Amino acid sequence: MKNKLLIINALLLLTLSVFAKPKVLIFCKTAGFHHASIAVGIPAIIKLGQENNFDVDTTTDSRKFTYDNLKQYAAVIFLSTTGDVLNDAQQAEFEKYIRAGGGFVGVHSATDTEYDWAWYGNLVGAYFRNHPDHQQFAVLHIVDPNFIATKGLPSEWKRLDEWYNFKWIAPNLHVLITIDEKSYTGGANGDNHPMSWYHDYDGGRAFYTELGHTDESYSDPLYLGHLLGGIKYAMGVK
């Protein structure tokens with residue numbers, strides 16, 4: 001009888017684990033500029049989770065960056081983080097999480113984060129230099145229309161946002177979207193000016209989109225579909 005109960009309990013735990021929803025963590029700590037759009041981005045991503053069968057936790061507390069805590073999440077989303085947001089011990093724990101197969105999503109100023117942590121720079125894929133003084137409409141080109149984060153986007157996508165120039169861009173990124181510098185003023189990366197990319201990195205998966213500065217982004221179906229695709233990739237969804 002005791003053995004039967006142990007078997008039943010084991011099967012119950014296995015069943016619960018199989019049918020448990022995957023979870024993602026939004027991390028939105030800022031140690032520099034604080035984007036107002038974080039306040040609308042959080043509920044928008046929670047809604048994406050409700051509509052696509054994954055749960056969403058949120059935090060600005062860097063003490064949550066322990067491997068034992070992070071391992072419950074299929075992906076961690078750096079939502080417009082800025083500056084130095086993790087200490088050395090927390091950085092090591094996050095590296096352990098990615099090396100164990102974790103996922104990363106960087107949104108907008110995630111590239112304006114952790115300039116002195118080279119591992120993170122390679123994970124997110126670039127570091128911010130500057131941007132034009134004002135938001136402008138610009139034309140984006142979809143380089144890879146078959147990826148989960150770019151399916152359904154127009155091949156030339158005109159939208160209003162804040163457009164970053166990068167002072168460093170990692171090699172070997174799979175670029176998804178570039179920006180046409182002739183369509184706005186203030187671009188400084190030339191003809192090959194990436195705006196979104198993904199890559200496998202150090203055992204995990206990393207996706208970045210420069211888009212998402214404006215509040216309006218988080219009610220734009222095209223942008224939300226783009227962001228959702230990136231989250232799904234980072235989670236390991238095919």
# chains A, B, ... in the order shown; residues from 1 in each chain; ligands from 1
call {"tool": "closest_atom_pairs", "arguments": {"of": "segment 82-119 of chain A", "to": "segment 200-207 of chain A", "cutoff": "8 Å", "atoms": "only C-alpha atoms", "output": "Markdown table"}}
result
| residue | atom | partner | partner_atom | distance |
| --- | --- | --- | --- | --- |
| A:Ile98 | CA | A:Gly204 | CA | 4.9 |
| A:Arg99 | CA | A:Gly203 | CA | 4.5 |
| A:Ala100 | CA | A:Gly203 | CA | 6.3 |
| A:Gly101 | CA | A:Gly204 | CA | 4.3 |
| A:Gly102 | CA | A:Gly204 | CA | 5.0 |
| A:Gly103 | CA | A:Arg205 | CA | 4.8 |
| A:Phe104 | CA | A:Ala206 | CA | 4.7 |
| A:Val105 | CA | A:Phe207 | CA | 4.9 |
| A:Gly106 | CA | A:Phe207 | CA | 6.3 |
call {"tool": "select_by_dssp", "arguments": {"residues": "segment 103-196 of chain A", "states": "helix (DSSP H, G or I)", "output": "ChimeraX atom specification"}}
result
/A:108-112,118-124,181-183
call {"tool": "write_last_selection", "arguments": {"atoms": "C-alpha atoms", "output": "mmCIF file, in the first residue's frame"}}
result
data_model
loop_
_atom_site.group_PDB
_atom_site.id
_atom_site.type_symbol
_atom_site.label_atom_id
_atom_site.label_comp_id
_atom_site.auth_asym_id
_atom_site.auth_seq_id
_atom_site.Cartn_x
_atom_site.Cartn_y
_atom_site.Cartn_z
ATOM 1 C CA HIS A 108 15.198 48.939 -25.842
ATOM 2 C CA SER A 109 17.634 50.286 -23.227
ATOM 3 C CA ALA A 110 18.778 46.814 -22.204
ATOM 4 C CA THR A 111 21.729 47.871 -24.406
ATOM 5 C CA ASP A 112 22.221 50.883 -22.080
ATOM 6 C CA ALA A 118 31.638 42.090 -21.034
ATOM 7 C CA TRP A 119 29.717 38.816 -20.778
ATOM 8 C CA TYR A 120 26.457 40.769 -20.648
ATOM 9 C CA GLY A 121 27.501 42.937 -23.589
ATOM 10 C CA ASN A 122 27.977 39.825 -25.682
ATOM 11 C CA LEU A 123 24.651 38.426 -24.445
ATOM 12 C CA VAL A 124 22.567 41.498 -25.302
ATOM 13 C CA GLU A 181 19.230 55.818 -42.013
ATOM 14 C CA LYS A 182 18.070 57.735 -45.100
ATOM 15 C CA SER A 183 14.524 57.713 -43.706
#
call {"tool": "closest_residue", "arguments": {"among": "A:Glu51, A:Ile177, A:Leu86, A:Ala44", "to": "Lys151 of chain A", "atoms": "only C-alpha atoms"}}
result
A:Ile177
call {"tool": "residues_around", "arguments": {"residues": "segment 211-217 of chain A", "least_positions_apart": "5", "cutoff": "10 Å", "atoms": "only C-alpha atoms", "output": "VMD selection string"}}
result
chain A and resid 35 to 41 44 79 to 80 107 to 109 135 159 to 164 195 to 196 222 to 224 226 to 227
call {"tool": "closest_residue", "arguments": {"among": "A:Leu228, A:Val76, A:Val24, A:Ile142", "to": "Trp197 of chain A", "atoms": "only C-alpha atoms"}}
result
A:Ile142
call {"tool": "atom_distance", "arguments": {"atom1": "atom CA of Asn130 of chain A", "atom2": "atom CA of Tyr208 of chain A"}}
result
17.3 Å
call {"tool": "closest_residue", "arguments": {"among": "A:Ile26, A:Ile45, A:Leu140, A:Ala92", "to": "Tyr73 of chain A", "atoms": "only C-alpha atoms"}}
result
A:Ile26
call {"tool": "residues_around", "arguments": {"residues": "Asn53 of chain A", "least_positions_apart": "5", "cutoff": "12 Å", "atoms": "only C-alpha atoms", "output": "PyMOL selection string"}}
result
chain A and resi 19-24+45-48+228+232+237
call {"tool": "write_last_selection", "arguments": {"atoms": "all heavy atoms", "output": "short mmCIF file (atom, residue, chain, number, x, y, z; two decimals), in the first residue's frame"}}
result
data_model
loop_
_atom_site.label_atom_id
_atom_site.label_comp_id
_atom_site.auth_asym_id
_atom_site.auth_seq_id
_atom_site.Cartn_x
_atom_site.Cartn_y
_atom_site.Cartn_z
N PHE A 19 2.05 19.76 -16.99
CA PHE A 19 0.99 20.70 -17.36
C PHE A 19 1.17 22.09 -16.75
O PHE A 19 0.35 22.96 -16.98
CB PHE A 19 -0.37 20.12 -16.98
CG PHE A 19 -0.78 18.95 -17.84
CD1 PHE A 19 -0.63 17.65 -17.39
CD2 PHE A 19 -1.28 19.15 -19.12
CE1 PHE A 19 -0.99 16.57 -18.18
CE2 PHE A 19 -1.65 18.07 -19.92
CZ PHE A 19 -1.50 16.78 -19.45
N ALA A 20 2.21 22.29 -15.94
CA ALA A 20 2.45 23.61 -15.36
C ALA A 20 2.80 24.61 -16.46
O ALA A 20 3.53 24.28 -17.41
CB ALA A 20 3.58 23.54 -14.34
N LYS A 21 2.29 25.81 -16.33
CA LYS A 21 2.62 26.85 -17.31
C LYS A 21 4.08 27.26 -17.16
O LYS A 21 4.59 27.38 -16.05
CB LYS A 21 1.75 28.08 -17.07
CG LYS A 21 0.32 27.98 -17.51
CD LYS A 21 -0.36 29.32 -17.28
CE LYS A 21 -1.82 29.31 -17.65
NZ LYS A 21 -2.44 30.63 -17.42
N PRO A 22 4.76 27.51 -18.27
CA PRO A 22 6.09 28.13 -18.16
C PRO A 22 5.95 29.56 -17.64
O PRO A 22 4.89 30.18 -17.76
CB PRO A 22 6.62 28.10 -19.59
CG PRO A 22 5.40 28.04 -20.45
CD PRO A 22 4.37 27.27 -19.66
N LYS A 23 7.03 30.06 -17.05
CA LYS A 23 7.02 31.41 -16.49
C LYS A 23 8.18 32.22 -17.05
O LYS A 23 9.24 31.68 -17.37
CB LYS A 23 7.15 31.37 -14.97
CG LYS A 23 5.98 30.79 -14.25
CD LYS A 23 5.96 31.19 -12.78
CE LYS A 23 7.16 30.66 -12.01
NZ LYS A 23 7.07 31.01 -10.57
N VAL A 24 7.97 33.53 -17.14
CA VAL A 24 9.05 34.45 -17.46
C VAL A 24 9.11 35.51 -16.36
O VAL A 24 8.14 35.75 -15.65
CB VAL A 24 8.86 35.13 -18.84
CG1 VAL A 24 8.77 34.10 -19.95
CG2 VAL A 24 7.64 36.03 -18.85
N ILE A 45 2.96 42.86 -21.35
CA ILE A 45 3.60 41.54 -21.38
C ILE A 45 2.81 40.55 -20.54
O ILE A 45 2.67 39.37 -20.92
CB ILE A 45 5.06 41.64 -20.93
CG1 ILE A 45 5.86 42.50 -21.91
CG2 ILE A 45 5.68 40.24 -20.81
CD1 ILE A 45 7.27 42.83 -21.45
N ILE A 46 2.27 40.99 -19.42
CA ILE A 46 1.40 40.11 -18.62
C ILE A 46 0.22 39.64 -19.46
O ILE A 46 -0.16 38.46 -19.44
CB ILE A 46 0.94 40.83 -17.34
CG1 ILE A 46 2.12 41.02 -16.39
CG2 ILE A 46 -0.18 40.05 -16.65
CD1 ILE A 46 1.81 41.88 -15.19
N LYS A 47 -0.36 40.56 -20.22
CA LYS A 47 -1.49 40.20 -21.08
C LYS A 47 -1.06 39.22 -22.18
O LYS A 47 -1.79 38.28 -22.49
CB LYS A 47 -2.08 41.46 -21.70
CG LYS A 47 -3.36 41.25 -22.51
CD LYS A 47 -3.99 42.59 -22.86
CE LYS A 47 -5.32 42.41 -23.58
NZ LYS A 47 -5.16 41.98 -24.96
N LEU A 48 0.12 39.43 -22.75
CA LEU A 48 0.64 38.47 -23.73
C LEU A 48 0.74 37.08 -23.10
O LEU A 48 0.43 36.07 -23.75
CB LEU A 48 2.01 38.92 -24.24
CG LEU A 48 2.04 40.12 -25.18
CD1 LEU A 48 3.49 40.47 -25.53
CD2 LEU A 48 1.24 39.87 -26.45
N LEU A 228 6.41 39.35 -28.64
CA LEU A 228 5.97 38.01 -28.25
C LEU A 228 6.82 36.95 -28.92
O LEU A 228 7.21 35.95 -28.27
CB LEU A 228 4.50 37.81 -28.62
CG LEU A 228 3.93 36.41 -28.37
CD1 LEU A 228 3.97 36.04 -26.90
CD2 LEU A 228 2.50 36.33 -28.92
N LYS A 232 8.98 34.11 -27.02
CA LYS A 232 8.81 32.68 -27.30
C LYS A 232 10.14 32.03 -27.69
O LYS A 232 10.45 30.93 -27.24
CB LYS A 232 7.78 32.47 -28.40
CG LYS A 232 6.34 32.68 -27.96
CD LYS A 232 5.37 32.40 -29.09
CE LYS A 232 3.92 32.42 -28.63
NZ LYS A 232 2.98 32.13 -29.74
N VAL A 237 10.43 28.07 -27.34
CA VAL A 237 9.25 27.66 -28.12
C VAL A 237 9.64 27.65 -29.59
O VAL A 237 10.19 28.63 -30.12
CB VAL A 237 8.06 28.60 -27.89
CG1 VAL A 237 6.88 28.22 -28.78
CG2 VAL A 237 7.66 28.58 -26.42
#
